[in-house]
Amino acid sequence: MRIFVYPGSFDPVTNGHLDIIDRASRICDKLVVAVLVNRSKTPVFSMEERISFLEEILAGRPNIQVLPFSGLLVDFMREQKATTVIKGLRAVSDFEYEFQMALLNKNLNPEIETLFMMTSINYSYLSSSAVRELACYGGNIRDLVPEAIVDRIYSKFKAR
Ligand code: COA
């Protein structure tokens, strides 16, 4: 069984992430969307919110599972019996950082492969921080995130 892991902060999930999730889920038996618990950046959306957004959007997709993770990605991969990390590349600027991460992970566990997918051109400018910035100032995020979570994103910033 080929198990892939797509890790990230998903603060919040965007249509760019979903594009990668859709395509990755077609080339493996099971895709684990792994939501990072603790890291240097403080998330705007809590772990519960980030997971519930993903679970709601991905409901009814039997080969996709959403799970929280903390610590090293390679350890999580081992626990999940996963072989491959999926990462999206949006632009050349993503490459250097991603290359470093892939090499670090390879060094930690040579059996793990990192597979890069080119993000679809329509989402190459998109990031979670762009969505947060727009939502914070009332800009239009409707084409950037799934319809189901638009209002909850706006509400979060109204409440802050
Ligand atoms: N569409 C839209 N946005 C995308 C995207 C896509 N296809 N791909 C990446 N992004 C954006 C994210 O939205 C995020 O945007 P933001 O910074 O504006 O919020 C940005 O790219 C970075 O993505 P993020 O989800 O924060 O993940 P990351 O690429 O920084 O890596 C982990 C996160 C979880 C993979 C990494 O930190 C990790 O493995 N941590 C565990 C510790 C570890 O094992 N470290 C490595 C060995 S030392």
# chains A, B, ... in the order shown; residues from 1 in each chain; ligands from 1
>>> residues_near_ligand(ligand="ligand 1", cutoff="7 Å", atoms="only C-alpha atoms and all ligand atoms", output="short mmCIF file (atom, residue, chain, number, x, y, z; two decimals) with all heavy atoms, in the first residue's frame")
data_model
loop_
_atom_site.label_atom_id
_atom_site.label_comp_id
_atom_site.auth_asym_id
_atom_site.auth_seq_id
_atom_site.Cartn_x
_atom_site.Cartn_y
_atom_site.Cartn_z
N PRO A 7 2.41 17.35 4.21
CA PRO A 7 2.49 18.09 5.48
C PRO A 7 2.39 19.60 5.27
O PRO A 7 2.76 20.13 4.21
CB PRO A 7 3.90 17.73 5.97
CG PRO A 7 4.70 17.60 4.71
CD PRO A 7 3.75 17.15 3.63
N GLY A 8 1.91 20.29 6.29
CA GLY A 8 1.89 21.75 6.20
C GLY A 8 1.18 22.36 7.39
O GLY A 8 0.71 21.66 8.29
N SER A 9 1.14 23.69 7.39
CA SER A 9 0.47 24.40 8.48
C SER A 9 -1.03 24.55 8.20
O SER A 9 -1.83 24.61 9.12
CB SER A 9 1.06 25.80 8.65
OG SER A 9 2.46 25.75 8.68
N PHE A 10 -1.39 24.72 6.94
CA PHE A 10 -2.79 24.87 6.53
C PHE A 10 -3.52 25.92 7.38
O PHE A 10 -4.56 25.64 7.97
CB PHE A 10 -3.52 23.52 6.57
CG PHE A 10 -2.83 22.46 5.75
CD1 PHE A 10 -2.09 21.45 6.35
CD2 PHE A 10 -2.88 22.50 4.36
CE1 PHE A 10 -1.42 20.50 5.59
CE2 PHE A 10 -2.20 21.55 3.59
CZ PHE A 10 -1.48 20.55 4.21
N ASP A 11 -2.95 27.11 7.40
CA ASP A 11 -3.44 28.18 8.30
C ASP A 11 -3.98 29.38 7.52
O ASP A 11 -3.40 30.46 7.61
CB ASP A 11 -2.27 28.61 9.21
CG ASP A 11 -2.70 29.59 10.29
OD1 ASP A 11 -3.84 29.47 10.76
OD2 ASP A 11 -1.91 30.48 10.63
N THR A 14 -5.97 26.37 1.47
CA THR A 14 -6.36 27.20 0.32
C THR A 14 -6.67 26.28 -0.87
O THR A 14 -6.38 25.08 -0.83
CB THR A 14 -5.20 28.13 -0.11
OG1 THR A 14 -4.16 27.31 -0.67
CG2 THR A 14 -4.67 28.95 1.03
N ASN A 15 -7.18 26.89 -1.94
CA ASN A 15 -7.44 26.11 -3.16
C ASN A 15 -6.14 25.57 -3.75
O ASN A 15 -6.15 24.56 -4.45
CB ASN A 15 -8.17 26.98 -4.20
CG ASN A 15 -9.61 27.22 -3.79
OD1 ASN A 15 -10.16 26.47 -2.98
ND2 ASN A 15 -10.22 28.27 -4.33
N GLY A 16 -5.04 26.24 -3.47
CA GLY A 16 -3.73 25.75 -3.94
C GLY A 16 -3.37 24.44 -3.26
O GLY A 16 -2.90 23.50 -3.90
N HIS A 17 -3.60 24.37 -1.95
CA HIS A 17 -3.36 23.10 -1.24
C HIS A 17 -4.28 22.01 -1.79
O HIS A 17 -3.86 20.87 -1.99
CB HIS A 17 -3.65 23.25 0.27
CG HIS A 17 -2.75 24.21 0.99
ND1 HIS A 17 -3.23 25.23 1.79
CD2 HIS A 17 -1.40 24.30 1.06
CE1 HIS A 17 -2.21 25.89 2.31
NE2 HIS A 17 -1.10 25.36 1.88
N ASP A 19 -5.59 21.66 -4.66
CA ASP A 19 -5.14 21.22 -5.98
C ASP A 19 -4.08 20.12 -5.82
O ASP A 19 -4.15 19.07 -6.47
CB ASP A 19 -4.57 22.45 -6.71
CG ASP A 19 -3.75 22.11 -7.93
OD1 ASP A 19 -4.26 21.36 -8.78
OD2 ASP A 19 -2.60 22.58 -8.02
N ILE A 20 -3.14 20.33 -4.90
CA ILE A 20 -2.10 19.32 -4.67
C ILE A 20 -2.72 18.06 -4.05
O ILE A 20 -2.40 16.94 -4.45
CB ILE A 20 -0.99 19.89 -3.72
CG1 ILE A 20 -0.33 21.14 -4.31
CG2 ILE A 20 0.05 18.80 -3.38
CD1 ILE A 20 0.59 20.92 -5.49
N LEU A 36 0.64 20.48 11.01
CA LEU A 36 1.71 20.68 11.98
C LEU A 36 1.20 21.36 13.26
O LEU A 36 0.54 22.39 13.21
CB LEU A 36 2.81 21.53 11.34
CG LEU A 36 4.09 21.67 12.14
CD1 LEU A 36 4.75 20.32 12.34
CD2 LEU A 36 5.04 22.61 11.44
N SER A 70 3.29 16.50 15.38
CA SER A 70 4.29 17.37 15.98
C SER A 70 5.62 16.63 15.91
O SER A 70 5.65 15.44 15.65
CB SER A 70 3.92 17.69 17.43
OG SER A 70 3.79 16.49 18.14
N GLY A 71 6.69 17.34 16.15
CA GLY A 71 7.99 16.68 16.09
C GLY A 71 8.50 16.59 14.66
O GLY A 71 8.10 17.39 13.81
N LEU A 72 9.33 15.59 14.43
CA LEU A 72 9.95 15.46 13.10
C LEU A 72 9.02 14.76 12.12
O LEU A 72 8.38 13.76 12.45
CB LEU A 72 11.26 14.68 13.21
CG LEU A 72 12.44 15.39 13.87
CD1 LEU A 72 13.65 14.46 13.90
CD2 LEU A 72 12.79 16.68 13.15
N LEU A 73 9.03 15.28 10.90
CA LEU A 73 8.21 14.68 9.85
C LEU A 73 8.61 13.22 9.60
O LEU A 73 7.74 12.36 9.42
CB LEU A 73 8.36 15.50 8.57
CG LEU A 73 7.55 15.05 7.37
CD1 LEU A 73 6.05 15.09 7.67
CD2 LEU A 73 7.85 15.92 6.16
N VAL A 74 9.91 12.93 9.63
CA VAL A 74 10.34 11.54 9.36
C VAL A 74 9.80 10.56 10.40
O VAL A 74 9.47 9.42 10.07
CB VAL A 74 11.89 11.41 9.24
CG1 VAL A 74 12.41 12.05 7.98
CG2 VAL A 74 12.59 11.94 10.45
N LYS A 87 5.10 17.56 -1.74
CA LYS A 87 5.19 19.01 -1.54
C LYS A 87 4.82 19.70 -2.84
O LYS A 87 5.10 19.21 -3.93
CB LYS A 87 6.61 19.42 -1.13
CG LYS A 87 7.15 18.82 0.13
CD LYS A 87 6.68 19.37 1.47
CE LYS A 87 6.21 20.73 1.69
NZ LYS A 87 6.88 21.45 2.76
N GLY A 88 4.19 20.85 -2.70
CA GLY A 88 3.85 21.64 -3.88
C GLY A 88 4.92 22.69 -4.11
O GLY A 88 5.41 23.29 -3.16
N LEU A 89 5.29 22.90 -5.36
CA LEU A 89 6.24 23.97 -5.68
C LEU A 89 5.49 25.03 -6.48
O LEU A 89 4.95 24.75 -7.55
CB LEU A 89 7.39 23.43 -6.54
CG LEU A 89 8.54 22.72 -5.87
CD1 LEU A 89 9.59 22.37 -6.91
CD2 LEU A 89 9.17 23.56 -4.77
N ARG A 90 5.47 26.25 -5.94
CA ARG A 90 4.73 27.31 -6.62
C ARG A 90 5.60 28.13 -7.55
O ARG A 90 5.15 28.63 -8.55
CB ARG A 90 4.07 28.24 -5.60
CG ARG A 90 2.96 27.58 -4.82
CD ARG A 90 2.61 28.36 -3.60
NE ARG A 90 3.77 28.44 -2.73
CZ ARG A 90 3.85 29.21 -1.67
NH1 ARG A 90 2.85 29.97 -1.34
NH2 ARG A 90 4.94 29.21 -0.93
N GLU A 98 12.73 24.11 -0.10
CA GLU A 98 12.20 22.76 -0.23
C GLU A 98 13.31 21.74 -0.49
O GLU A 98 13.26 20.61 -0.01
CB GLU A 98 11.16 22.69 -1.37
CG GLU A 98 9.90 23.48 -1.10
CD GLU A 98 9.11 22.95 0.11
OE1 GLU A 98 9.39 21.83 0.59
OE2 GLU A 98 8.21 23.67 0.57
N MET A 101 14.93 21.04 2.83
CA MET A 101 14.08 20.17 3.65
C MET A 101 14.13 18.73 3.15
O MET A 101 14.21 17.79 3.95
CB MET A 101 12.63 20.65 3.58
CG MET A 101 12.39 21.99 4.19
SD MET A 101 12.08 21.83 5.93
CE MET A 101 10.41 21.33 5.83
N LEU A 104 17.45 17.23 4.12
CA LEU A 104 17.50 16.97 5.57
C LEU A 104 16.72 15.70 5.90
O LEU A 104 17.19 14.83 6.63
CB LEU A 104 16.87 18.14 6.33
CG LEU A 104 17.79 19.27 6.78
CD1 LEU A 104 16.97 20.44 7.28
CD2 LEU A 104 18.74 18.77 7.87
N ASN A 105 15.53 15.60 5.33
CA ASN A 105 14.69 14.43 5.60
C ASN A 105 15.33 13.16 5.06
O ASN A 105 15.28 12.11 5.69
CB ASN A 105 13.29 14.62 5.02
CG ASN A 105 12.48 15.61 5.85
OD1 ASN A 105 12.68 15.72 7.06
ND2 ASN A 105 11.59 16.34 5.20
N THR A 119 2.51 23.35 -8.55
CA THR A 119 1.18 23.89 -8.27
C THR A 119 0.60 24.42 -9.58
O THR A 119 1.33 24.98 -10.39
CB THR A 119 1.32 25.03 -7.24
OG1 THR A 119 1.89 24.49 -6.06
CG2 THR A 119 -0.02 25.67 -6.92
N TYR A 123 -2.80 29.00 -9.19
CA TYR A 123 -2.59 29.14 -7.74
C TYR A 123 -1.15 29.48 -7.39
O TYR A 123 -0.78 29.46 -6.23
CB TYR A 123 -2.99 27.85 -7.02
CG TYR A 123 -4.41 27.43 -7.29
CD1 TYR A 123 -4.71 26.17 -7.76
CD2 TYR A 123 -5.46 28.33 -7.08
CE1 TYR A 123 -6.02 25.79 -8.01
CE2 TYR A 123 -6.76 27.96 -7.33
CZ TYR A 123 -7.04 26.69 -7.81
OH TYR A 123 -8.33 26.32 -8.06
N SER A 124 -0.35 29.80 -8.38
CA SER A 124 1.07 29.96 -8.11
C SER A 124 1.36 31.19 -7.24
O SER A 124 2.41 31.27 -6.62
CB SER A 124 1.86 30.03 -9.41
OG SER A 124 1.36 31.07 -10.18
N LEU A 126 -0.63 32.08 -4.74
CA LEU A 126 -1.47 31.95 -3.54
C LEU A 126 -0.69 31.43 -2.34
O LEU A 126 0.17 30.57 -2.48
CB LEU A 126 -2.60 30.96 -3.89
CG LEU A 126 -3.75 30.76 -2.94
CD1 LEU A 126 -4.36 32.07 -2.50
CD2 LEU A 126 -4.81 29.90 -3.62
N SER A 127 -0.97 31.98 -1.15
CA SER A 127 -0.41 31.42 0.08
C SER A 127 -1.42 31.66 1.20
O SER A 127 -2.32 32.50 1.07
CB SER A 127 0.92 32.09 0.43
OG SER A 127 0.68 33.43 0.78
N SER A 128 -1.25 30.93 2.28
CA SER A 128 -2.17 31.11 3.41
C SER A 128 -2.03 32.52 3.98
O SER A 128 -3.02 33.13 4.40
CB SER A 128 -1.88 30.09 4.50
OG SER A 128 -2.09 28.80 4.00
N SER A 129 -0.81 33.06 4.00
CA SER A 129 -0.66 34.41 4.58
C SER A 129 -1.35 35.46 3.70
O SER A 129 -1.87 36.44 4.20
CB SER A 129 0.80 34.76 4.85
OG SER A 129 1.58 34.53 3.73
N ALA A 130 -1.37 35.25 2.36
CA ALA A 130 -2.09 36.18 1.48
C ALA A 130 -3.59 36.14 1.81
O ALA A 130 -4.25 37.19 1.87
CB ALA A 130 -1.85 35.81 0.02
#
>>> select_by_dssp(residues="region 45-110 of chain A", states="helix (DSSP H, G or I)", output="compact mmCIF listing (two decimals) with all heavy atoms, in the first residue's frame")
# COMPACT_ATOMS: atom_id res chain seq x y z
N MET A 47 -5.44 24.45 15.97
CA MET A 47 -5.33 23.11 15.38
C MET A 47 -6.72 22.55 15.07
O MET A 47 -6.96 22.00 14.00
CB MET A 47 -4.56 22.21 16.36
CG MET A 47 -4.48 20.78 15.95
SD MET A 47 -3.82 20.53 14.30
CE MET A 47 -2.11 20.85 14.56
N GLU A 48 -7.66 22.72 16.04
CA GLU A 48 -9.02 22.17 15.85
C GLU A 48 -9.66 22.81 14.60
O GLU A 48 -10.30 22.13 13.81
CB GLU A 48 -9.90 22.44 17.08
CG GLU A 48 -9.52 21.67 18.32
CD GLU A 48 -8.19 22.11 18.95
OE1 GLU A 48 -7.81 23.30 18.79
OE2 GLU A 48 -7.53 21.27 19.57
N GLU A 49 -9.48 24.12 14.45
CA GLU A 49 -10.09 24.80 13.29
C GLU A 49 -9.45 24.34 11.99
O GLU A 49 -10.14 24.04 11.01
CB GLU A 49 -9.92 26.32 13.43
CG GLU A 49 -10.80 26.93 14.50
CD GLU A 49 -10.46 28.39 14.80
OE1 GLU A 49 -9.27 28.75 14.90
OE2 GLU A 49 -11.40 29.17 14.97
N ARG A 50 -8.13 24.25 11.99
CA ARG A 50 -7.43 23.87 10.74
C ARG A 50 -7.81 22.45 10.33
O ARG A 50 -8.03 22.17 9.16
CB ARG A 50 -5.91 24.02 10.93
CG ARG A 50 -5.49 25.49 10.97
CD ARG A 50 -4.00 25.66 11.17
NE ARG A 50 -3.59 25.42 12.53
CZ ARG A 50 -2.42 24.88 12.90
NH1 ARG A 50 -1.55 24.53 11.99
NH2 ARG A 50 -2.12 24.72 14.16
N ILE A 51 -7.91 21.57 11.34
CA ILE A 51 -8.30 20.18 11.04
C ILE A 51 -9.76 20.12 10.59
O ILE A 51 -10.10 19.44 9.62
CB ILE A 51 -8.06 19.27 12.26
CG1 ILE A 51 -6.56 19.20 12.52
CG2 ILE A 51 -8.72 17.90 12.09
CD1 ILE A 51 -5.99 17.86 12.86
N SER A 52 -10.63 20.86 11.27
CA SER A 52 -12.05 20.75 10.91
C SER A 52 -12.32 21.34 9.52
O SER A 52 -13.13 20.81 8.77
CB SER A 52 -12.97 21.36 11.97
OG SER A 52 -12.97 22.75 11.87
N PHE A 53 -11.59 22.38 9.13
CA PHE A 53 -11.74 22.91 7.75
C PHE A 53 -11.39 21.80 6.75
O PHE A 53 -12.13 21.52 5.82
CB PHE A 53 -10.78 24.08 7.50
CG PHE A 53 -11.14 25.37 8.20
CD1 PHE A 53 -10.24 26.44 8.19
CD2 PHE A 53 -12.34 25.53 8.85
CE1 PHE A 53 -10.55 27.65 8.82
CE2 PHE A 53 -12.66 26.73 9.49
CZ PHE A 53 -11.76 27.78 9.47
N LEU A 54 -10.25 21.17 6.98
CA LEU A 54 -9.79 20.14 6.03
C LEU A 54 -10.74 18.95 6.02
O LEU A 54 -11.11 18.44 4.95
CB LEU A 54 -8.38 19.67 6.42
CG LEU A 54 -7.24 20.58 5.97
CD1 LEU A 54 -6.00 20.38 6.82
CD2 LEU A 54 -6.91 20.35 4.50
N GLU A 55 -11.18 18.52 7.22
CA GLU A 55 -12.06 17.34 7.28
C GLU A 55 -13.37 17.61 6.57
O GLU A 55 -13.89 16.77 5.86
CB GLU A 55 -12.31 16.93 8.73
CG GLU A 55 -11.13 16.14 9.28
CD GLU A 55 -11.32 15.68 10.71
OE1 GLU A 55 -12.15 16.28 11.42
OE2 GLU A 55 -10.60 14.73 11.10
N GLU A 56 -13.89 18.83 6.76
CA GLU A 56 -15.17 19.16 6.12
C GLU A 56 -15.01 19.16 4.59
O GLU A 56 -15.83 18.59 3.88
CB GLU A 56 -15.61 20.54 6.63
CG GLU A 56 -16.99 20.88 6.17
CD GLU A 56 -17.48 22.18 6.79
OE1 GLU A 56 -17.14 22.46 7.96
OE2 GLU A 56 -18.20 22.91 6.08
N ILE A 57 -13.96 19.78 4.12
CA ILE A 57 -13.76 19.91 2.67
C ILE A 57 -13.45 18.56 2.04
O ILE A 57 -13.85 18.29 0.91
CB ILE A 57 -12.59 20.90 2.40
CG1 ILE A 57 -12.99 22.31 2.84
CG2 ILE A 57 -12.18 20.90 0.95
CD1 ILE A 57 -11.81 23.18 3.18
N LEU A 73 9.03 15.28 10.90
CA LEU A 73 8.21 14.68 9.85
C LEU A 73 8.61 13.22 9.60
O LEU A 73 7.74 12.36 9.42
CB LEU A 73 8.36 15.50 8.57
CG LEU A 73 7.55 15.05 7.37
CD1 LEU A 73 6.05 15.09 7.67
CD2 LEU A 73 7.85 15.92 6.16
N VAL A 74 9.91 12.93 9.63
CA VAL A 74 10.34 11.54 9.36
C VAL A 74 9.80 10.56 10.40
O VAL A 74 9.47 9.42 10.07
CB VAL A 74 11.89 11.41 9.24
CG1 VAL A 74 12.41 12.05 7.98
CG2 VAL A 74 12.59 11.94 10.45
N ASP A 75 9.68 11.02 11.66
CA ASP A 75 9.14 10.14 12.70
C ASP A 75 7.65 9.87 12.46
O ASP A 75 7.17 8.74 12.60
CB ASP A 75 9.33 10.76 14.10
CG ASP A 75 10.80 10.84 14.47
OD1 ASP A 75 11.60 10.06 13.90
OD2 ASP A 75 11.17 11.69 15.30
N PHE A 76 6.95 10.94 12.09
CA PHE A 76 5.52 10.81 11.78
C PHE A 76 5.33 9.85 10.59
O PHE A 76 4.46 8.99 10.60
CB PHE A 76 4.92 12.19 11.48
CG PHE A 76 3.48 12.15 11.09
CD1 PHE A 76 2.49 12.00 12.05
CD2 PHE A 76 3.10 12.27 9.75
CE1 PHE A 76 1.14 11.97 11.69
CE2 PHE A 76 1.77 12.24 9.38
CZ PHE A 76 0.79 12.09 10.36
N MET A 77 6.18 10.01 9.59
CA MET A 77 6.10 9.14 8.40
C MET A 77 6.27 7.67 8.80
O MET A 77 5.57 6.80 8.30
CB MET A 77 7.21 9.49 7.40
CG MET A 77 7.21 10.93 6.94
SD MET A 77 6.26 11.25 5.49
CE MET A 77 6.87 10.11 4.32
N ARG A 78 7.20 7.43 9.69
CA ARG A 78 7.46 6.05 10.13
C ARG A 78 6.21 5.50 10.83
O ARG A 78 5.77 4.39 10.55
CB ARG A 78 8.68 6.02 11.06
CG ARG A 78 9.30 4.65 11.20
CD ARG A 78 10.61 4.67 11.98
NE ARG A 78 11.71 5.32 11.31
CZ ARG A 78 12.37 6.39 11.78
NH1 ARG A 78 12.04 6.93 12.93
NH2 ARG A 78 13.36 6.92 11.10
N GLU A 79 5.66 6.32 11.75
CA GLU A 79 4.44 5.89 12.46
C GLU A 79 3.31 5.55 11.49
O GLU A 79 2.53 4.64 11.71
CB GLU A 79 3.91 7.02 13.37
CG GLU A 79 4.63 7.19 14.68
CD GLU A 79 4.35 8.56 15.28
OE1 GLU A 79 3.24 9.11 15.05
OE2 GLU A 79 5.24 9.09 15.97
N GLN A 80 3.22 6.34 10.43
CA GLN A 80 2.13 6.16 9.47
C GLN A 80 2.44 5.10 8.41
O GLN A 80 1.61 4.86 7.53
CB GLN A 80 1.83 7.49 8.76
CG GLN A 80 1.30 8.59 9.68
CD GLN A 80 0.00 8.18 10.35
OE1 GLN A 80 -0.90 7.64 9.71
NE2 GLN A 80 -0.09 8.41 11.65
N VAL A 92 10.06 29.33 -8.39
CA VAL A 92 11.48 29.01 -8.17
C VAL A 92 11.87 29.37 -6.74
O VAL A 92 12.67 28.69 -6.12
CB VAL A 92 12.35 29.79 -9.18
CG1 VAL A 92 13.83 29.47 -8.97
CG2 VAL A 92 11.95 29.47 -10.60
N SER A 93 11.24 30.41 -6.22
CA SER A 93 11.58 30.85 -4.86
C SER A 93 11.30 29.78 -3.80
O SER A 93 11.92 29.78 -2.74
CB SER A 93 10.81 32.13 -4.53
OG SER A 93 9.46 31.95 -4.83
N ASP A 94 10.38 28.87 -4.06
CA ASP A 94 10.12 27.78 -3.11
C ASP A 94 11.25 26.75 -3.13
O ASP A 94 11.41 25.98 -2.19
CB ASP A 94 8.83 27.01 -3.48
CG ASP A 94 7.56 27.73 -3.03
OD1 ASP A 94 7.67 28.63 -2.17
OD2 ASP A 94 6.49 27.39 -3.54
N PHE A 95 11.99 26.71 -4.24
CA PHE A 95 12.87 25.57 -4.49
C PHE A 95 13.96 25.39 -3.44
O PHE A 95 14.15 24.30 -2.91
CB PHE A 95 13.49 25.66 -5.89
CG PHE A 95 14.44 24.53 -6.16
CD1 PHE A 95 13.96 23.26 -6.50
CD2 PHE A 95 15.81 24.69 -6.03
CE1 PHE A 95 14.82 22.20 -6.71
CE2 PHE A 95 16.68 23.63 -6.23
CZ PHE A 95 16.19 22.39 -6.58
N GLU A 96 14.67 26.49 -3.11
CA GLU A 96 15.85 26.34 -2.26
C GLU A 96 15.48 25.77 -0.89
O GLU A 96 16.11 24.83 -0.40
CB GLU A 96 16.54 27.69 -2.11
CG GLU A 96 17.96 27.53 -1.67
CD GLU A 96 18.77 28.79 -1.87
OE1 GLU A 96 18.64 29.42 -2.93
OE2 GLU A 96 19.51 29.13 -0.93
N TYR A 97 14.42 26.33 -0.30
CA TYR A 97 13.96 25.87 1.01
C TYR A 97 13.50 24.41 0.93
O TYR A 97 13.86 23.58 1.78
CB TYR A 97 12.83 26.80 1.48
CG TYR A 97 12.12 26.36 2.71
CD1 TYR A 97 12.73 26.41 3.96
CD2 TYR A 97 10.81 25.88 2.64
CE1 TYR A 97 12.06 26.00 5.09
CE2 TYR A 97 10.13 25.47 3.77
CZ TYR A 97 10.76 25.52 4.99
OH TYR A 97 10.10 25.11 6.12
N GLU A 98 12.73 24.11 -0.10
CA GLU A 98 12.20 22.76 -0.23
C GLU A 98 13.31 21.74 -0.49
O GLU A 98 13.26 20.61 -0.01
CB GLU A 98 11.16 22.69 -1.37
CG GLU A 98 9.90 23.48 -1.10
CD GLU A 98 9.11 22.95 0.11
OE1 GLU A 98 9.39 21.83 0.59
OE2 GLU A 98 8.21 23.67 0.57
N PHE A 99 14.30 22.17 -1.25
CA PHE A 99 15.44 21.31 -1.56
C PHE A 99 16.17 20.97 -0.26
O PHE A 99 16.50 19.82 0.01
CB PHE A 99 16.35 22.08 -2.53
CG PHE A 99 17.50 21.30 -3.08
CD1 PHE A 99 17.31 20.04 -3.64
CD2 PHE A 99 18.79 21.82 -3.07
CE1 PHE A 99 18.38 19.32 -4.16
CE2 PHE A 99 19.86 21.11 -3.59
CZ PHE A 99 19.66 19.85 -4.13
N GLN A 100 16.37 21.99 0.58
CA GLN A 100 17.04 21.79 1.86
C GLN A 100 16.25 20.82 2.75
O GLN A 100 16.81 19.89 3.34
CB GLN A 100 17.21 23.14 2.56
CG GLN A 100 17.99 23.02 3.85
CD GLN A 100 17.92 24.29 4.69
OE1 GLN A 100 17.09 25.16 4.46
NE2 GLN A 100 18.77 24.38 5.68
N MET A 101 14.93 21.04 2.83
CA MET A 101 14.08 20.17 3.65
C MET A 101 14.13 18.73 3.15
O MET A 101 14.21 17.79 3.95
CB MET A 101 12.63 20.65 3.58
CG MET A 101 12.39 21.99 4.19
SD MET A 101 12.08 21.83 5.93
CE MET A 101 10.41 21.33 5.83
N ALA A 102 14.07 18.57 1.83
CA ALA A 102 14.07 17.22 1.25
C ALA A 102 15.39 16.53 1.58
O ALA A 102 15.41 15.34 1.94
CB ALA A 102 13.85 17.30 -0.26
N LEU A 103 16.49 17.27 1.49
CA LEU A 103 17.80 16.67 1.77
C LEU A 103 17.95 16.33 3.26
O LEU A 103 18.48 15.28 3.61
CB LEU A 103 18.93 17.61 1.34
CG LEU A 103 19.11 17.75 -0.18
CD1 LEU A 103 20.22 18.75 -0.49
CD2 LEU A 103 19.42 16.41 -0.83
N LEU A 104 17.45 17.23 4.12
CA LEU A 104 17.50 16.97 5.57
C LEU A 104 16.72 15.70 5.90
O LEU A 104 17.19 14.83 6.63
CB LEU A 104 16.87 18.14 6.33
CG LEU A 104 17.79 19.27 6.78
CD1 LEU A 104 16.97 20.44 7.28
CD2 LEU A 104 18.74 18.77 7.87
N ASN A 105 15.53 15.60 5.33
CA ASN A 105 14.69 14.43 5.60
C ASN A 105 15.33 13.16 5.06
O ASN A 105 15.28 12.11 5.69
CB ASN A 105 13.29 14.62 5.02
CG ASN A 105 12.48 15.61 5.85
OD1 ASN A 105 12.68 15.72 7.06
ND2 ASN A 105 11.59 16.34 5.20
N LYS A 106 15.95 13.28 3.89
CA LYS A 106 16.62 12.12 3.27
C LYS A 106 17.78 11.67 4.16
O LYS A 106 18.04 10.47 4.30
CB LYS A 106 17.14 12.55 1.89
CG LYS A 106 17.61 11.44 1.02
CD LYS A 106 16.42 10.87 0.26
CE LYS A 106 16.77 9.63 -0.48
NZ LYS A 106 15.58 8.82 -0.74
N ASN A 107 18.45 12.66 4.74
CA ASN A 107 19.57 12.36 5.63
C ASN A 107 19.09 11.66 6.90
O ASN A 107 19.74 10.75 7.41
CB ASN A 107 20.25 13.69 5.96
CG ASN A 107 21.66 13.50 6.46
OD1 ASN A 107 22.36 12.61 5.97
ND2 ASN A 107 22.06 14.28 7.43
N LEU A 108 17.93 12.08 7.39
CA LEU A 108 17.37 11.49 8.60
C LEU A 108 16.83 10.09 8.34
O LEU A 108 16.88 9.22 9.21
CB LEU A 108 16.25 12.38 9.16
CG LEU A 108 16.70 13.73 9.75
CD1 LEU A 108 15.49 14.62 10.02
CD2 LEU A 108 17.50 13.52 11.03
>>> residues_around(residues="Ile112 (chain A)", least_positions_apart="3", cutoff="7 Å", atoms="only C-alpha atoms", output="list in words")
Thr83, Thr84, Lys106 and Asn109 of chain A
>>> write_last_selection(atoms="N, CA, C and O atoms", output="CSV table (one decimal), in the first residue's frame")
chain,number,residue,atom,x,y,z
A,83,THR,N,5.7,6.3,2.8
A,83,THR,CA,7.0,6.2,2.0
A,83,THR,C,7.4,7.5,1.4
A,83,THR,O,8.6,7.8,1.1
A,84,THR,N,6.4,8.4,1.2
A,84,THR,CA,6.7,9.6,0.3
A,84,THR,C,6.1,10.8,0.9
A,84,THR,O,4.9,10.8,1.4
A,106,LYS,N,15.9,13.3,3.9
A,106,LYS,CA,16.6,12.1,3.3
A,106,LYS,C,17.8,11.7,4.2
A,106,LYS,O,18.0,10.5,4.3
A,109,ASN,N,16.3,9.9,7.2
A,109,ASN,CA,15.7,8.6,6.8
A,109,ASN,C,15.9,8.4,5.3
A,109,ASN,O,15.0,8.8,4.5
>>> closest_residue(among="A:Ile27, A:Val44, A:Val85, A:Val35", to="Ala135 (chain A)", atoms="only C-alpha atoms")
A:Val44
>>> atom_distance(atom1="CA of Ser155 (chain A)", atom2="CA of Asn38 (chain A)")
23.7 Å
>>> select_by_dssp(residues="region 9-115 of chain A", states="strand (DSSP E or B)", output="PyMOL selection string")
chain A and resi 30-36+64-69+84-89+113-115
>>> atom_distance(atom1="CA of Pro68 (chain A)", atom2="CA of Ala34 (chain A)")
5.6 Å
